[in-house]
Amino acid sequence: MNSWLKISKTHYDGVIFDLDGVITRTAKVHANAWKQLFDEYLKKHSNGNWQPFDKDSDYRLYVDGKPRSKGVESFLESRGIDLPHGSPDDDPDQETVCGLGNRKNQIFHKLLEKEGVEVYQPAVRLVREVLAGKMKTAVVSSSKNCKKVLEVTGISDLFQERVDGTDAEALDLEGKPSPDIYLVACKRLGIDPFRAVVVEDAISGVKAGRRGHFGLVIGVDRTGHAEDLREAGADAVVKTLAAVRIENSVDDDQNTPPSALASTKEITARIEGRKIVVFLDYDGTLTPIVDDPEKAFLPNSMQDVLKRVAESFPLAVISGRDLPDIRELVGMEEIYYAGSHGFDIAGPEGMRTQHQKGTDYLPSLNDAEKELKEKVKPISGAKIERKRFSIVVHYRKVREEEVASVKKIVKEVAKRHSDLRQSEGKKVLELQPGIDWHKGKAVLWLLDKLGLNKTDVVPFYLGDDVTDEDAFKTLRDRGIGIVVMDKPRPTAAQYRLNDPDEVEQFLARLVLMKEGEDS
């Protein structure tokens, strides 16, 4: 995308991320805690005529990014209220600046237990890219709850240094817009400020980055205040960190996602308190790729694991195989199936649908099939497999010097049938109806059909082929994509597994994760 903001390791040695509002959604919890605190206080000390705390403007202007006591002082000053400062160990019921700050912290912890913590997945992805590019990472927060939030979300290991409210108090650091907390992070990372990037969503934090003379200050506009962030000194403003990429760090084609088996703590945090639905590819995911597709049988151990998964979560198998074929191979009546890359879908209790427009392409598929069979017949090892909504040309057994000829034939046939589109998988070429329908669309259709297209549902998708990338992309910002691959390749998946054996291990562990038994 031309609109990406790129960070080059040639110019920068590390990236320092603010926590609340940048990495995690705790800004919302903080705003709710501040509102409850100040509204209760203002109501108690008014004669019935008082203005509630505004979670947008008041939060941004007076408390966001500041230590609690500074936030209390700043907001009360805006309302013409002067309280004694008190001491840090004041009781939460004491009407001092510190007392109100401690009460806010008390409210925050209760809300945290009730509401939990979510992370911004594009932000986590960016942190991983920074680390993959051999650059350093740190997280800063004015909150003393930073360590707990990182542990709850399972992302502590992504940051080499943490500087939070506890450090600020121990080191007597000034709060934002002073750059103190960022400068300490730089010192601990062993990098110079002018070689560091600051990522902030708060006006006070952006000002801190500018005053500390950091090399690049990125403002994250999640509330529609991009101009305010620019005026505060942001060099660039983005709505989401999905718009930021690391340049000259690693070859994108070789950017391997982390192991799903090694990331169970992080995944457990993402699914806590939410429902799960599991989507699985078949060939190469549940079974190894074999020369004869008719012999791709499920191992007994995988069958046992799939039964456990189906007992725990809604389960669907999405395959390029025809629907009757994939149903027979898996042999479970209680789960859902999407055959022909999602053109043909069925499930328990007689559920069945076919993509209506797909049937319009059957005559063209029939003609293309005849052409392909005739043209590849002289090539030893080439095999044409007709499925209801696609034609698959296998060249796994074709001699290397003749593979180019097979690809040329398929390309020419596809060109003559402009209503069909060509795709490529592992040692296969495929012609399908040229309509906007793929595995990702099939996943969304099933989520809607099952009443699971909701924010409290986490869809998992595991697949190994290029055709599975549509599903990874569809679910990237709302679900968990896991690619099965033994060699690096471009992927939109967030995690990886090496082979079907690891898929089996992960699915078994997923059941335990949800049950809270996995260590």
# chains A, B, ... in the order shown; residues from 1 in each chain; ligands from 1
call {"tool": "select_by_dssp", "arguments": {"residues": "region 108-284 of chain A", "states": "alpha helix (DSSP H)", "output": "MDAnalysis selection string"}}
result
chainID A and resid 108:115 121:132 146:153 165:170 180:189 203:211 226:232 264:271
call {"tool": "write_last_selection", "arguments": {"atoms": "C-alpha atoms", "output": "short mmCIF file (atom, residue, chain, number, x, y, z; two decimals), in the first residue's frame"}}
result
data_model
loop_
_atom_site.label_atom_id
_atom_site.label_comp_id
_atom_site.auth_asym_id
_atom_site.auth_seq_id
_atom_site.Cartn_x
_atom_site.Cartn_y
_atom_site.Cartn_z
CA PHE A 108 -9.84 1.02 37.79
CA HIS A 109 -8.96 -2.37 39.29
CA LYS A 110 -12.61 -3.23 39.78
CA LEU A 111 -13.43 -2.28 36.20
CA LEU A 112 -10.37 -4.17 34.96
CA GLU A 113 -11.59 -7.36 36.64
CA LYS A 114 -15.09 -6.80 35.26
CA GLU A 115 -14.28 -5.67 31.70
CA GLN A 121 -3.81 -6.54 17.08
CA PRO A 122 -2.24 -4.26 14.42
CA ALA A 123 -0.12 -2.78 17.21
CA VAL A 124 1.04 -6.22 18.36
CA ARG A 125 1.83 -7.07 14.75
CA LEU A 126 3.95 -3.93 14.46
CA VAL A 127 5.87 -4.72 17.65
CA ARG A 128 6.67 -8.14 16.22
CA GLU A 129 7.87 -6.57 12.98
CA VAL A 130 10.13 -4.22 14.95
CA LEU A 131 11.69 -7.19 16.74
CA ALA A 132 11.98 -9.16 13.50
CA CYS A 146 1.39 -1.44 33.37
CA LYS A 147 3.04 -4.71 34.43
CA LYS A 148 -0.28 -6.30 35.36
CA VAL A 149 -1.91 -5.27 32.08
CA LEU A 150 0.99 -6.73 30.07
CA GLU A 151 0.77 -9.99 32.01
CA VAL A 152 -3.01 -10.22 31.62
CA THR A 153 -2.73 -9.77 27.85
CA GLY A 165 4.26 4.85 36.94
CA THR A 166 6.14 2.88 39.57
CA ASP A 167 9.46 3.82 37.95
CA ALA A 168 8.32 7.43 37.60
CA GLU A 169 7.64 7.62 41.33
CA ALA A 170 10.88 5.87 42.32
CA ASP A 180 11.43 12.00 31.21
CA ILE A 181 9.74 8.61 30.97
CA TYR A 182 10.73 8.23 27.30
CA LEU A 183 14.30 9.32 27.93
CA VAL A 184 14.64 6.67 30.65
CA ALA A 185 13.33 4.05 28.22
CA CYS A 186 15.98 5.12 25.69
CA LYS A 187 18.71 4.94 28.27
CA ARG A 188 17.69 1.44 29.32
CA LEU A 189 17.57 0.30 25.69
CA ILE A 203 -1.56 14.91 23.16
CA SER A 204 0.65 15.05 26.26
CA GLY A 205 2.61 12.02 25.03
CA VAL A 206 3.16 13.51 21.59
CA LYS A 207 4.40 16.70 23.23
CA ALA A 208 6.79 14.58 25.32
CA GLY A 209 8.18 12.97 22.19
CA ARG A 210 8.70 16.35 20.55
CA ARG A 211 10.32 17.91 23.64
CA ALA A 226 -5.62 14.12 14.16
CA GLU A 227 -5.12 17.87 13.88
CA ASP A 228 -4.61 18.21 17.64
CA LEU A 229 -1.92 15.54 17.51
CA ARG A 230 -0.18 17.30 14.63
CA GLU A 231 -0.28 20.62 16.47
CA ALA A 232 1.21 18.90 19.52
CA THR A 264 -0.25 -20.15 23.93
CA LYS A 265 -0.03 -17.60 26.73
CA GLU A 266 -0.76 -14.76 24.34
CA ILE A 267 -3.55 -16.72 22.61
CA THR A 268 -5.08 -17.70 25.96
CA ALA A 269 -5.28 -14.01 26.89
CA ARG A 270 -6.99 -13.22 23.58
CA ILE A 271 -9.71 -15.85 24.02
#
call {"tool": "closest_residue", "arguments": {"among": "A:Ala338, A:Leu372, A:Ala242, A:Val484", "to": "Thr285 (chain A)", "atoms": "only C-alpha atoms"}}
result
A:Val484
call {"tool": "atom_distance", "arguments": {"atom1": "CA of Val22 (chain A)", "atom2": "CA of Val220 (chain A)"}}
result
7.0 Å
call {"tool": "residues_around", "arguments": {"residues": "region 422-430 of chain A", "least_positions_apart": "3", "cutoff": "10 Å", "atoms": "only C-alpha atoms", "output": "PyMOL selection string"}}
result
chain A and resi 284+289+320+382-386+390-398+403+406-407+410-411+413-415+418+433-434+464-468
call {"tool": "residues_around", "arguments": {"residues": "Leu261 (chain A)", "least_positions_apart": "5", "cutoff": "9 Å", "atoms": "only C-alpha atoms", "output": "ChimeraX atom specification"}}
result
/A:495-497,502,505-506,509
call {"tool": "write_last_selection", "arguments": {"atoms": "C-alpha atoms", "output": "mmCIF file, in the first residue's frame"}}
result
data_model
loop_
_atom_site.group_PDB
_atom_site.id
_atom_site.type_symbol
_atom_site.label_atom_id
_atom_site.label_comp_id
_atom_site.auth_asym_id
_atom_site.auth_seq_id
_atom_site.Cartn_x
_atom_site.Cartn_y
_atom_site.Cartn_z
ATOM 1 C CA TYR A 495 0.876 -17.550 13.840
ATOM 2 C CA ARG A 496 2.336 -20.665 12.241
ATOM 3 C CA LEU A 497 2.564 -24.414 12.728
ATOM 4 C CA GLU A 502 1.735 -29.679 15.230
ATOM 5 C CA GLN A 505 -0.958 -30.741 19.192
ATOM 6 C CA PHE A 506 -2.335 -27.212 18.955
ATOM 7 C CA ARG A 509 -4.003 -27.623 23.554
#
call {"tool": "select_by_dssp", "arguments": {"residues": "region 111-298 of chain A", "states": "strand (DSSP E or B)", "output": "ChimeraX atom specification"}}
result
/A:119,136-140,161-163,196-200,216-220,236-238,244-247,259,275-280,283,287
call {"tool": "write_last_selection", "arguments": {"atoms": "C-alpha atoms", "output": "mmCIF file, in the first residue's frame"}}
result
data_model
loop_
_atom_site.group_PDB
_atom_site.id
_atom_site.type_symbol
_atom_site.label_atom_id
_atom_site.label_comp_id
_atom_site.auth_asym_id
_atom_site.auth_seq_id
_atom_site.Cartn_x
_atom_site.Cartn_y
_atom_site.Cartn_z
ATOM 1 C CA VAL A 119 -5.161 -5.416 22.691
ATOM 2 C CA LYS A 136 14.664 -2.668 20.089
ATOM 3 C CA THR A 137 11.267 -2.216 21.772
ATOM 4 C CA ALA A 138 10.079 -0.612 24.991
ATOM 5 C CA VAL A 139 6.691 0.191 26.468
ATOM 6 C CA VAL A 140 5.946 3.195 28.663
ATOM 7 C CA GLU A 161 12.165 -2.623 28.609
ATOM 8 C CA ARG A 162 9.198 -1.245 30.568
ATOM 9 C CA VAL A 163 9.059 2.184 32.230
ATOM 10 C CA ALA A 196 14.265 6.281 18.423
ATOM 11 C CA VAL A 197 10.592 6.348 17.393
ATOM 12 C CA VAL A 198 7.815 7.318 19.811
ATOM 13 C CA VAL A 199 4.289 5.991 19.247
ATOM 14 C CA GLU A 200 1.603 7.849 21.211
ATOM 15 C CA LEU A 216 10.159 10.296 14.824
ATOM 16 C CA VAL A 217 6.923 10.870 16.723
ATOM 17 C CA ILE A 218 3.873 8.968 15.466
ATOM 18 C CA GLY A 219 0.443 10.009 16.675
ATOM 19 C CA VAL A 220 -2.304 7.374 16.711
ATOM 20 C CA ALA A 236 2.911 11.649 11.264
ATOM 21 C CA VAL A 237 -0.609 10.675 12.305
ATOM 22 C CA VAL A 238 -2.279 7.333 11.532
ATOM 23 C CA VAL A 244 2.885 1.364 9.694
ATOM 24 C CA ARG A 245 5.530 -1.003 8.363
ATOM 25 C CA ILE A 246 9.189 -1.713 9.099
ATOM 26 C CA GLU A 247 11.348 -1.103 6.035
ATOM 27 C CA SER A 259 4.799 -20.422 16.479
ATOM 28 C CA LYS A 275 -16.527 -17.814 22.519
ATOM 29 C CA ILE A 276 -14.482 -19.813 20.007
ATOM 30 C CA VAL A 277 -15.333 -21.191 16.581
ATOM 31 C CA VAL A 278 -12.784 -23.256 14.640
ATOM 32 C CA PHE A 279 -12.346 -23.439 10.848
ATOM 33 C CA LEU A 280 -9.921 -25.967 9.363
ATOM 34 C CA ASP A 283 -5.186 -31.329 2.815
ATOM 35 C CA THR A 287 -3.336 -34.599 6.742
#
